[in-house]
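Novice: Could you have a look at this structure, given as structure tokens, before my questions?
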Amino acid sequence: MRVRTTSAAACAVLLAVTALAGCNRESSDDGAGGGKVGIDLPRSDSDFWNSYQNYIEKGVKGGEVKALPLTNSQNDIGKLVANVQTFSDQGAKAVVMAPQDTGAIAESLSNLNEKKIPVVSVDTRPDKGDIYMVVRADNKAYGTNACKYLGKQLKGKGKVVEFQGDLSSINGRDRSEAFKTCMDKDFPGIKVFELATDWKGDVASAKLQSTLAAHPDINGIYMQAGGVFLQPTLALLEQKKLLKPAGSPGHITIISNDGIPEEFDAIKAGKIDATISQPADLYAKYALYYAKAALDGKTFKAGPTDHDSTIIKIPNGLEDQLPAPLVTKDNVDDPKLWANQLEKKK
């Protein structure tokens, strides 16, 4: 059942103004709010997050929300806490953030809640603290789908390296736990080497080198974030003469997460086999959409949306789970994928 607004006319007006398909609010406050939004970008060392930043900047420039000067916490929870405090001091009426350490932001969220400043969290779900809306994909599905793809390609046998993201992040935990659960249950003939990386490409490369030295018969790799792991991994494999085209003897089957253009190029070149496309464009689009909705006093409820996603109830709020498709050589040129639209948006 579709989640509907209490006012069809209001929804039509909202859609006309925002050009978004996601008007599915439960109720609204006729006295629309206003004010500026504080937006913190989580990092700039990843092609995925740099793309997200570009989409955010275009949305702000296009007038989707009025924003305070953007900040970047550079994967540092201390900087994020300070940036959020600055937003509050500057009179922000809503905040958009993407906390990379989801367990350490609770106090900041509590402070914002006390000041009645709603928060939209992008890509990550804070462990504690009330959230107006989480804009995210189903990260457990990332791990499960990566497992199923590798298991099928390897015919249930072999050795797989998994580059785990930071386990203090719910994304790293969700992907890792789902990948392990799936492998243990469905592919017991595959041995998995879990390599903690803290989302750092140099750490992943160094640990991969050590693992390959001890286990030269590695035949699969799962990279939880192509934006940071892709280039160092390909460089190391090429250096060791292990980067063999897909379909050829000795090829190491690789699946990634992110869906950046560089991953698409690697799929086309046969260097990696697949990725799961995180919707950087939709993350930005709906982050701004929900920030604007929060300013306008709108509320939402769980259920299907009009933009091919599902809002679910979480312990500390609601989460809009956006679609994240598997990309292989069969659909890598699909014009609907955000990485194939970057040139059009420039």
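Naming works like this for the structure tokens: A, B, ... for the chains as they're shown, residue 1 at the start of each chain, ligands 1 onward in shown order.
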Please build the interface table for region 40-131 of chain A against region 199-204 of chain A with a cut-off of 10 Å, listing for each qualifying residue the nearest atom pair and the distance in Å to one decimal; count only C-alpha atoms, order rows by chain and increasing number, and write it as a Markdown table.
Specialist:
| residue | atom | partner | partner_atom | distance |
| --- | --- | --- | --- | --- |
| A:Asp45 | CA | A:Lys200 | CA | 9.2 |
| A:Ser46 | CA | A:Trp199 | CA | 9.6 |
| A:Asn75 | CA | A:Trp199 | CA | 9.7 |
| A:Gln100 | CA | A:Trp199 | CA | 9.8 |
Novice: I need the residues from that last selection saved to file as a PDB file, in the first residue's frame (with all heavy atoms), if you can.
Specialist:
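The file below, selection.pdb, is the result:
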ATOM      1  N   ASP A  45      38.058  11.770   0.493  1.00  0.00           N
ATOM      2  CA  ASP A  45      39.077  10.838   0.011  1.00  0.00           C
ATOM      3  C   ASP A  45      38.454   9.677  -0.756  1.00  0.00           C
ATOM      4  O   ASP A  45      39.095   8.655  -0.978  1.00  0.00           O
ATOM      5  CB  ASP A  45      39.909  10.310   1.174  1.00  0.00           C
ATOM      6  CG  ASP A  45      39.073   9.563   2.223  1.00  0.00           C
ATOM      7  OD1 ASP A  45      37.825   9.646   2.148  1.00  0.00           O
ATOM      8  OD2 ASP A  45      39.663   8.917   3.105  1.00  0.00           O
ATOM      9  N   SER A  46      37.202   9.844  -1.173  1.00  0.00           N
ATOM     10  CA  SER A  46      36.482   8.783  -1.871  1.00  0.00           C
ATOM     11  C   SER A  46      35.764   9.370  -3.069  1.00  0.00           C
ATOM     12  O   SER A  46      35.112  10.410  -2.972  1.00  0.00           O
ATOM     13  CB  SER A  46      35.464   8.131  -0.913  1.00  0.00           C
ATOM     14  OG  SER A  46      34.461   7.449  -1.621  1.00  0.00           O
ATOM     15  N   ASN A  75      36.043  12.438   7.934  1.00  0.00           N
ATOM     16  CA  ASN A  75      36.069  11.150   8.630  1.00  0.00           C
ATOM     17  C   ASN A  75      36.580  11.278  10.065  1.00  0.00           C
ATOM     18  O   ASN A  75      37.172  10.353  10.621  1.00  0.00           O
ATOM     19  CB  ASN A  75      36.931  10.132   7.864  1.00  0.00           C
ATOM     20  CG  ASN A  75      36.649   8.700   8.294  1.00  0.00           C
ATOM     21  OD1 ASN A  75      35.572   8.377   8.770  1.00  0.00           O
ATOM     22  ND2 ASN A  75      37.638   7.828   8.137  1.00  0.00           N
ATOM     23  N   GLN A 100      30.420   8.900  10.072  1.00  0.00           N
ATOM     24  CA  GLN A 100      31.135   7.673   9.749  1.00  0.00           C
ATOM     25  C   GLN A 100      31.303   6.789  10.989  1.00  0.00           C
ATOM     26  O   GLN A 100      31.414   5.576  10.878  1.00  0.00           O
ATOM     27  CB  GLN A 100      32.493   8.010   9.139  1.00  0.00           C
ATOM     28  CG  GLN A 100      32.398   8.880   7.877  1.00  0.00           C
ATOM     29  CD  GLN A 100      31.712   8.180   6.716  1.00  0.00           C
ATOM     30  OE1 GLN A 100      32.335   7.387   6.007  1.00  0.00           O
ATOM     31  NE2 GLN A 100      30.426   8.428   6.513  1.00  0.00           N
TER      32      GLN A 100
END
Novice: Determine, counting only C-alpha atoms, which protein, DNA and RNA residues have an atom within 12 Å of an atom of Leu68 (chain A); residues of the same chain fewer than 4 positions away are not included. Present the result as a tab-separated table (two decimals) with all heavy atoms, in the first residue's frame.
Specialist:
chain	number	residue	atom	x	y	z
A	35	GLY	N	14.14	28.67	7.11
A	35	GLY	CA	15.45	28.74	7.71
A	35	GLY	C	16.48	28.00	6.90
A	35	GLY	O	16.19	27.41	5.86
A	36	LYS	N	17.70	28.02	7.41
A	36	LYS	CA	18.80	27.42	6.68
A	36	LYS	C	19.15	26.04	7.23
A	36	LYS	O	18.92	25.73	8.39
A	36	LYS	CB	20.01	28.34	6.73
A	36	LYS	CG	19.81	29.63	5.93
A	36	LYS	CD	21.10	30.42	5.80
A	36	LYS	CE	20.89	31.63	4.89
A	36	LYS	NZ	22.14	32.41	4.71
A	37	VAL	N	19.76	25.25	6.35
A	37	VAL	CA	20.16	23.89	6.67
A	37	VAL	C	21.67	23.82	6.80
A	37	VAL	O	22.40	24.34	5.95
A	37	VAL	CB	19.68	22.91	5.58
A	37	VAL	CG1	20.11	21.48	5.91
A	37	VAL	CG2	18.17	22.98	5.41
A	38	GLY	N	22.13	23.19	7.87
A	38	GLY	CA	23.56	22.90	8.02
A	38	GLY	C	23.87	21.56	7.40
A	38	GLY	O	23.23	20.56	7.73
A	39	ILE	N	24.82	21.51	6.47
A	39	ILE	CA	25.15	20.28	5.77
A	39	ILE	C	26.63	19.95	5.96
A	39	ILE	O	27.50	20.73	5.56
A	39	ILE	CB	24.85	20.38	4.26
A	39	ILE	CG1	23.38	20.75	4.03
A	39	ILE	CG2	25.19	19.09	3.54
A	39	ILE	CD1	23.04	21.04	2.57
A	40	ASP	N	26.88	18.81	6.59
A	40	ASP	CA	28.26	18.35	6.76
A	40	ASP	C	28.54	17.20	5.81
A	40	ASP	O	27.80	16.21	5.77
A	40	ASP	CB	28.53	17.90	8.19
A	40	ASP	CG	29.99	17.48	8.38
A	40	ASP	OD1	30.84	18.38	8.54
A	40	ASP	OD2	30.28	16.27	8.33
A	57	GLU	N	25.98	20.14	-3.80
A	57	GLU	CA	26.26	21.53	-4.18
A	57	GLU	C	25.34	22.00	-5.29
A	57	GLU	O	24.86	23.14	-5.28
A	57	GLU	CB	27.72	21.66	-4.60
A	57	GLU	CG	28.69	21.51	-3.41
A	57	GLU	CD	30.14	21.50	-3.84
A	57	GLU	OE1	30.41	21.26	-5.04
A	57	GLU	OE2	31.02	21.72	-2.98
A	60	VAL	N	21.87	22.63	-3.74
A	60	VAL	CA	21.83	23.88	-2.98
A	60	VAL	C	21.83	25.07	-3.93
A	60	VAL	O	21.05	26.02	-3.77
A	60	VAL	CB	23.03	23.95	-2.01
A	60	VAL	CG1	23.13	25.34	-1.40
A	60	VAL	CG2	22.90	22.89	-0.93
A	61	LYS	N	22.70	24.99	-4.93
A	61	LYS	CA	22.76	26.07	-5.92
A	61	LYS	C	21.44	26.22	-6.66
A	61	LYS	O	21.02	27.33	-7.01
A	61	LYS	CB	23.89	25.82	-6.92
A	61	LYS	CG	24.13	26.96	-7.90
A	61	LYS	CD	25.31	26.67	-8.81
A	61	LYS	CE	25.55	27.81	-9.78
A	61	LYS	NZ	26.72	27.53	-10.68
A	83	ASN	N	31.48	20.81	13.92
A	83	ASN	CA	30.74	21.41	12.81
A	83	ASN	C	29.25	21.50	13.13
A	83	ASN	O	28.60	22.50	12.81
A	83	ASN	CB	30.95	20.59	11.54
A	83	ASN	CG	32.37	20.67	11.01
A	83	ASN	OD1	33.12	21.57	11.38
A	83	ASN	ND2	32.75	19.74	10.15
A	84	VAL	N	28.73	20.46	13.77
A	84	VAL	CA	27.31	20.47	14.13
A	84	VAL	C	27.04	21.57	15.16
A	84	VAL	O	26.01	22.26	15.09
A	84	VAL	CB	26.89	19.09	14.67
A	84	VAL	CG1	25.51	19.16	15.32
A	84	VAL	CG2	26.88	18.06	13.54
A	86	THR	N	28.66	24.34	15.41
A	86	THR	CA	28.71	25.60	14.66
A	86	THR	C	27.39	25.85	13.93
A	86	THR	O	26.88	26.98	13.91
A	86	THR	CB	29.87	25.58	13.65
A	86	THR	OG1	31.11	25.45	14.37
A	86	THR	CG2	29.92	26.86	12.83
A	87	PHE	N	26.83	24.79	13.32
A	87	PHE	CA	25.54	24.94	12.66
A	87	PHE	C	24.49	25.46	13.64
A	87	PHE	O	23.71	26.37	13.33
A	87	PHE	CB	25.06	23.60	12.08
A	87	PHE	CG	25.87	23.07	10.93
A	87	PHE	CD1	25.95	21.71	10.70
A	87	PHE	CD2	26.54	23.93	10.07
A	87	PHE	CE1	26.68	21.21	9.63
A	87	PHE	CE2	27.28	23.45	9.00
A	87	PHE	CZ	27.35	22.08	8.79
A	88	SER	N	24.48	24.85	14.83
A	88	SER	CA	23.51	25.24	15.84
A	88	SER	C	23.72	26.70	16.24
A	88	SER	O	22.76	27.48	16.35
A	88	SER	CB	23.65	24.33	17.07
A	88	SER	OG	22.76	24.71	18.08
A	89	ASP	N	24.97	27.08	16.44
A	89	ASP	CA	25.28	28.46	16.82
A	89	ASP	C	24.88	29.45	15.74
A	89	ASP	O	24.53	30.60	16.04
A	89	ASP	CB	26.78	28.60	17.12
A	89	ASP	CG	27.21	27.81	18.35
A	89	ASP	OD1	26.33	27.43	19.15
A	89	ASP	OD2	28.43	27.56	18.49
A	90	GLN	N	24.94	29.00	14.48
A	90	GLN	CA	24.62	29.88	13.35
A	90	GLN	C	23.13	29.90	13.03
A	90	GLN	O	22.72	30.53	12.07
A	90	GLN	CB	25.43	29.46	12.12
A	90	GLN	CG	26.93	29.69	12.26
A	90	GLN	CD	27.71	29.17	11.06
A	90	GLN	OE1	27.22	28.35	10.28
A	90	GLN	NE2	28.92	29.67	10.90
A	91	GLY	N	22.34	29.19	13.83
A	91	GLY	CA	20.90	29.25	13.65
A	91	GLY	C	20.32	28.25	12.67
A	91	GLY	O	19.22	28.47	12.15
A	92	ALA	N	21.02	27.14	12.40
A	92	ALA	CA	20.47	26.12	11.50
A	92	ALA	C	19.13	25.62	12.03
A	92	ALA	O	18.97	25.39	13.22
A	92	ALA	CB	21.45	24.97	11.36
A	93	LYS	N	18.18	25.42	11.13
A	93	LYS	CA	16.87	24.90	11.50
A	93	LYS	C	16.74	23.41	11.18
A	93	LYS	O	15.76	22.77	11.54
A	93	LYS	CB	15.78	25.67	10.76
A	93	LYS	CG	15.75	27.16	11.11
A	93	LYS	CD	15.56	27.40	12.59
A	93	LYS	CE	15.48	28.88	12.92
A	93	LYS	NZ	15.37	29.13	14.38
A	94	ALA	N	17.73	22.86	10.46
A	94	ALA	CA	17.81	21.43	10.19
A	94	ALA	C	19.25	21.11	9.86
A	94	ALA	O	20.01	21.99	9.44
A	94	ALA	CB	16.89	21.02	9.04
A	95	VAL	N	19.65	19.85	10.04
A	95	VAL	CA	21.03	19.44	9.80
A	95	VAL	C	21.04	18.16	8.97
A	95	VAL	O	20.26	17.24	9.22
A	95	VAL	CB	21.79	19.21	11.13
A	95	VAL	CG1	23.13	18.51	10.88
A	95	VAL	CG2	22.01	20.52	11.86
A	96	VAL	N	21.93	18.13	7.98
A	96	VAL	CA	22.19	16.92	7.19
A	96	VAL	C	23.61	16.48	7.48
A	96	VAL	O	24.55	17.28	7.39
A	96	VAL	CB	22.03	17.19	5.68
A	96	VAL	CG1	22.45	15.96	4.86
A	96	VAL	CG2	20.60	17.59	5.34
Novice: Counting only C-alpha atoms, which residues in region 209-243 of chain A sit no more than 8 Å from region 164-169 of chain A? For each one, give the nearest pair of atoms and the distance in Å, sorted by chain then residue number, as JSON lines.
Specialist:
{"residue": "A:Met223", "atom": "CA", "partner": "A:Gln164", "partner_atom": "CA", "distance": 7.3}
{"residue": "A:Gln224", "atom": "CA", "partner": "A:Gln164", "partner_atom": "CA", "distance": 6.1}
{"residue": "A:Ala225", "atom": "CA", "partner": "A:Gly165", "partner_atom": "CA", "distance": 7.5}
Novice: Taking only C-alpha atoms into account, which of A:Asp130, A:Glu64, A:Asp334, A:Glu114 comes nearest Asn316 (chain A)?
Specialist: A:Asp130
Novice: Excluding region 258-272 of chain A and any residue of its chain fewer than 2 positions from it, enumerate the residues within 10 Å of it, using only C-alpha atoms, and give them as a PyMOL selection string.
Specialist: chain A and resi 46-49+51+142+221+223-228+230-231+234+237-238+243-248+251-256+274-280+324-333+337-342
Novice: Among region 133-320 of chain A, which residues does DSSP mark as helix (DSSP H, G or I) when it is run on the backbone? Keep the chain and numbering as in the structure and answer as a PyMOL selection string.
Specialist: chain A and resi 139-153+170-186+201-214+226-239+261-268+280-295
Novice: Find the distance between CA of Ala98 (chain A) and CA of Arg125 (chain A) and write it in Å to one decimal.
Specialist: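 If I compute the distance from CA of Ala98 (chain A) to CA of Arg125 (chain A), I get 8.3 Å.
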Novice: Which one is closest to Ala291 (chain A): A:Leu41, A:Ala137, A:Val81, A:Met97? Count only C-alpha atoms.
Specialist: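 With only C-alpha atoms as the atom set, the closest residue is A:Met97.
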Novice: Per DSSP on the backbone, filter region 58-224 of chain A down to the residues in strand (DSSP E) and report them as a PDB file with N, CA and C atoms, in the first residue's frame.
Specialist:
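The result, written out as selection_0.pdb:
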ATOM      1  N   THR A  71      30.315  22.171   5.397  1.00  0.00           N
ATOM      2  CA  THR A  71      31.528  21.755   6.095  1.00  0.00           C
ATOM      3  C   THR A  71      31.875  20.337   5.682  1.00  0.00           C
ATOM      4  N   ASN A  72      33.117  19.929   5.982  1.00  0.00           N
ATOM      5  CA  ASN A  72      33.562  18.570   5.692  1.00  0.00           C
ATOM      6  C   ASN A  72      34.314  18.053   6.909  1.00  0.00           C
ATOM      7  N   ALA A  94      17.733  22.862  10.465  1.00  0.00           N
ATOM      8  CA  ALA A  94      17.806  21.427  10.188  1.00  0.00           C
ATOM      9  C   ALA A  94      19.254  21.113   9.861  1.00  0.00           C
ATOM     10  N   VAL A  95      19.649  19.853  10.044  1.00  0.00           N
ATOM     11  CA  VAL A  95      21.029  19.438   9.804  1.00  0.00           C
ATOM     12  C   VAL A  95      21.041  18.159   8.970  1.00  0.00           C
ATOM     13  N   VAL A  96      21.932  18.125   7.978  1.00  0.00           N
ATOM     14  CA  VAL A  96      22.190  16.925   7.187  1.00  0.00           C
ATOM     15  C   VAL A  96      23.613  16.482   7.481  1.00  0.00           C
ATOM     16  N   MET A  97      23.782  15.220   7.844  1.00  0.00           N
ATOM     17  CA  MET A  97      25.110  14.695   8.153  1.00  0.00           C
ATOM     18  C   MET A  97      25.219  13.262   7.680  1.00  0.00           C
ATOM     19  N   VAL A 119      17.245  16.187  12.194  1.00  0.00           N
ATOM     20  CA  VAL A 119      18.471  15.694  11.560  1.00  0.00           C
ATOM     21  C   VAL A 119      18.137  14.669  10.485  1.00  0.00           C
ATOM     22  N   VAL A 120      18.768  14.834   9.323  1.00  0.00           N
ATOM     23  CA  VAL A 120      18.723  13.830   8.252  1.00  0.00           C
ATOM     24  C   VAL A 120      20.109  13.198   8.196  1.00  0.00           C
ATOM     25  N   SER A 121      20.172  11.887   8.349  1.00  0.00           N
ATOM     26  CA  SER A 121      21.446  11.173   8.289  1.00  0.00           C
ATOM     27  C   SER A 121      21.532  10.420   6.966  1.00  0.00           C
ATOM     28  N   VAL A 122      22.626  10.622   6.243  1.00  0.00           N
ATOM     29  CA  VAL A 122      22.782  10.047   4.905  1.00  0.00           C
ATOM     30  C   VAL A 122      23.748   8.868   4.942  1.00  0.00           C
ATOM     31  N   MET A 133      15.003  11.491   9.541  1.00  0.00           N
ATOM     32  CA  MET A 133      15.000  10.511   8.468  1.00  0.00           C
ATOM     33  C   MET A 133      16.423  10.078   8.155  1.00  0.00           C
ATOM     34  N   VAL A 134      16.612   8.771   7.988  1.00  0.00           N
ATOM     35  CA  VAL A 134      17.860   8.231   7.468  1.00  0.00           C
ATOM     36  C   VAL A 134      17.660   7.973   5.979  1.00  0.00           C
ATOM     37  N   VAL A 135      18.556   8.487   5.156  1.00  0.00           N
ATOM     38  CA  VAL A 135      18.527   8.243   3.706  1.00  0.00           C
ATOM     39  C   VAL A 135      19.647   7.255   3.417  1.00  0.00           C
ATOM     40  N   ARG A 136      19.275   6.052   3.042  1.00  0.00           N
ATOM     41  CA  ARG A 136      20.257   4.979   3.022  1.00  0.00           C
ATOM     42  C   ARG A 136      19.758   3.858   2.131  1.00  0.00           C
ATOM     43  N   ALA A 137      20.668   3.017   1.685  1.00  0.00           N
ATOM     44  CA  ALA A 137      20.264   1.778   1.036  1.00  0.00           C
ATOM     45  C   ALA A 137      20.374   0.645   2.049  1.00  0.00           C
ATOM     46  N   GLY A 158      36.746 -22.144  -2.892  1.00  0.00           N
ATOM     47  CA  GLY A 158      37.844 -21.212  -3.072  1.00  0.00           C
ATOM     48  C   GLY A 158      38.170 -20.438  -1.816  1.00  0.00           C
ATOM     49  N   LYS A 159      38.939 -19.366  -2.012  1.00  0.00           N
ATOM     50  CA  LYS A 159      39.363 -18.492  -0.922  1.00  0.00           C
ATOM     51  C   LYS A 159      39.073 -17.048  -1.307  1.00  0.00           C
ATOM     52  N   VAL A 160      38.409 -16.344  -0.414  1.00  0.00           N
ATOM     53  CA  VAL A 160      37.962 -14.976  -0.700  1.00  0.00           C
ATOM     54  C   VAL A 160      38.503 -14.012   0.350  1.00  0.00           C
ATOM     55  N   VAL A 161      39.005 -12.889  -0.120  1.00  0.00           N
ATOM     56  CA  VAL A 161      39.419 -11.796   0.759  1.00  0.00           C
ATOM     57  C   VAL A 161      38.271 -10.795   0.841  1.00  0.00           C
ATOM     58  N   GLU A 162      37.940 -10.376   2.065  1.00  0.00           N
ATOM     59  CA  GLU A 162      36.911  -9.369   2.264  1.00  0.00           C
ATOM     60  C   GLU A 162      37.533  -8.127   2.895  1.00  0.00           C
ATOM     61  N   PHE A 163      37.463  -6.996   2.191  1.00  0.00           N
ATOM     62  CA  PHE A 163      37.898  -5.725   2.766  1.00  0.00           C
ATOM     63  C   PHE A 163      36.734  -5.161   3.577  1.00  0.00           C
ATOM     64  N   GLN A 164      36.820  -5.292   4.883  1.00  0.00           N
ATOM     65  CA  GLN A 164      35.747  -4.799   5.741  1.00  0.00           C
ATOM     66  C   GLN A 164      35.898  -3.308   5.989  1.00  0.00           C
ATOM     67  N   ILE A 190      33.802 -22.118   0.807  1.00  0.00           N
ATOM     68  CA  ILE A 190      34.630 -20.940   0.542  1.00  0.00           C
ATOM     69  C   ILE A 190      35.202 -20.438   1.866  1.00  0.00           C
ATOM     70  N   LYS A 191      36.521 -20.295   1.925  1.00  0.00           N
ATOM     71  CA  LYS A 191      37.176 -19.748   3.114  1.00  0.00           C
ATOM     72  C   LYS A 191      37.302 -18.234   2.936  1.00  0.00           C
ATOM     73  N   VAL A 192      36.850 -17.480   3.936  1.00  0.00           N
ATOM     74  CA  VAL A 192      36.870 -16.013   3.861  1.00  0.00           C
ATOM     75  C   VAL A 192      37.928 -15.451   4.808  1.00  0.00           C
ATOM     76  N   PHE A 193      38.767 -14.571   4.266  1.00  0.00           N
ATOM     77  CA  PHE A 193      39.750 -13.852   5.069  1.00  0.00           C
ATOM     78  C   PHE A 193      39.211 -12.437   5.296  1.00  0.00           C
ATOM     79  N   GLU A 194      38.796 -12.170   6.529  1.00  0.00           N
ATOM     80  CA  GLU A 194      38.214 -10.876   6.862  1.00  0.00           C
ATOM     81  C   GLU A 194      39.324  -9.896   7.221  1.00  0.00           C
ATOM     82  N   LEU A 195      39.484  -8.851   6.421  1.00  0.00           N
ATOM     83  CA  LEU A 195      40.537  -7.862   6.635  1.00  0.00           C
ATOM     84  C   LEU A 195      39.909  -6.536   7.041  1.00  0.00           C
ATOM     85  N   ALA A 196      40.113  -6.143   8.295  1.00  0.00           N
ATOM     86  CA  ALA A 196      39.615  -4.849   8.761  1.00  0.00           C
ATOM     87  C   ALA A 196      40.458  -3.735   8.148  1.00  0.00           C
ATOM     88  N   GLY A 220      38.966 -14.781  -5.040  1.00  0.00           N
ATOM     89  CA  GLY A 220      37.855 -13.850  -4.964  1.00  0.00           C
ATOM     90  C   GLY A 220      38.143 -12.719  -3.996  1.00  0.00           C
ATOM     91  N   ILE A 221      37.592 -11.535  -4.288  1.00  0.00           N
ATOM     92  CA  ILE A 221      37.749 -10.366  -3.418  1.00  0.00           C
ATOM     93  C   ILE A 221      36.411  -9.636  -3.336  1.00  0.00           C
ATOM     94  N   TYR A 222      36.038  -9.286  -2.107  1.00  0.00           N
ATOM     95  CA  TYR A 222      34.873  -8.425  -1.893  1.00  0.00           C
ATOM     96  C   TYR A 222      35.358  -7.114  -1.293  1.00  0.00           C
ATOM     97  N   MET A 223      35.175  -6.018  -2.030  1.00  0.00           N
ATOM     98  CA  MET A 223      35.569  -4.688  -1.579  1.00  0.00           C
ATOM     99  C   MET A 223      34.321  -3.939  -1.138  1.00  0.00           C
TER     100      MET A 223
END
Novice: Provide the CA of Thr144 (chain A) to CA of Asp123 (chain A) distance in Å, to one decimal place.
Specialist: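 The value is 17.5 Å.
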Novice: Taking into account only C-alpha atoms, which residue in the set A:Lys66, A:Lys157, A:His215, A:Lys140 is nearest to Cys182 (chain A)?
Specialist: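 Using only C-alpha atoms, the shortest distance to Cys182 (chain A) belongs to A:Lys140.
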Novice: Report the distance between CA of Gly189 (chain A) and CA of Leu154 (chain A) in Å, rounded to one decimal place.
Specialist: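 Straight-line distance from CA of Gly189 (chain A) to CA of Leu154 (chain A) works out to 9.9 Å.
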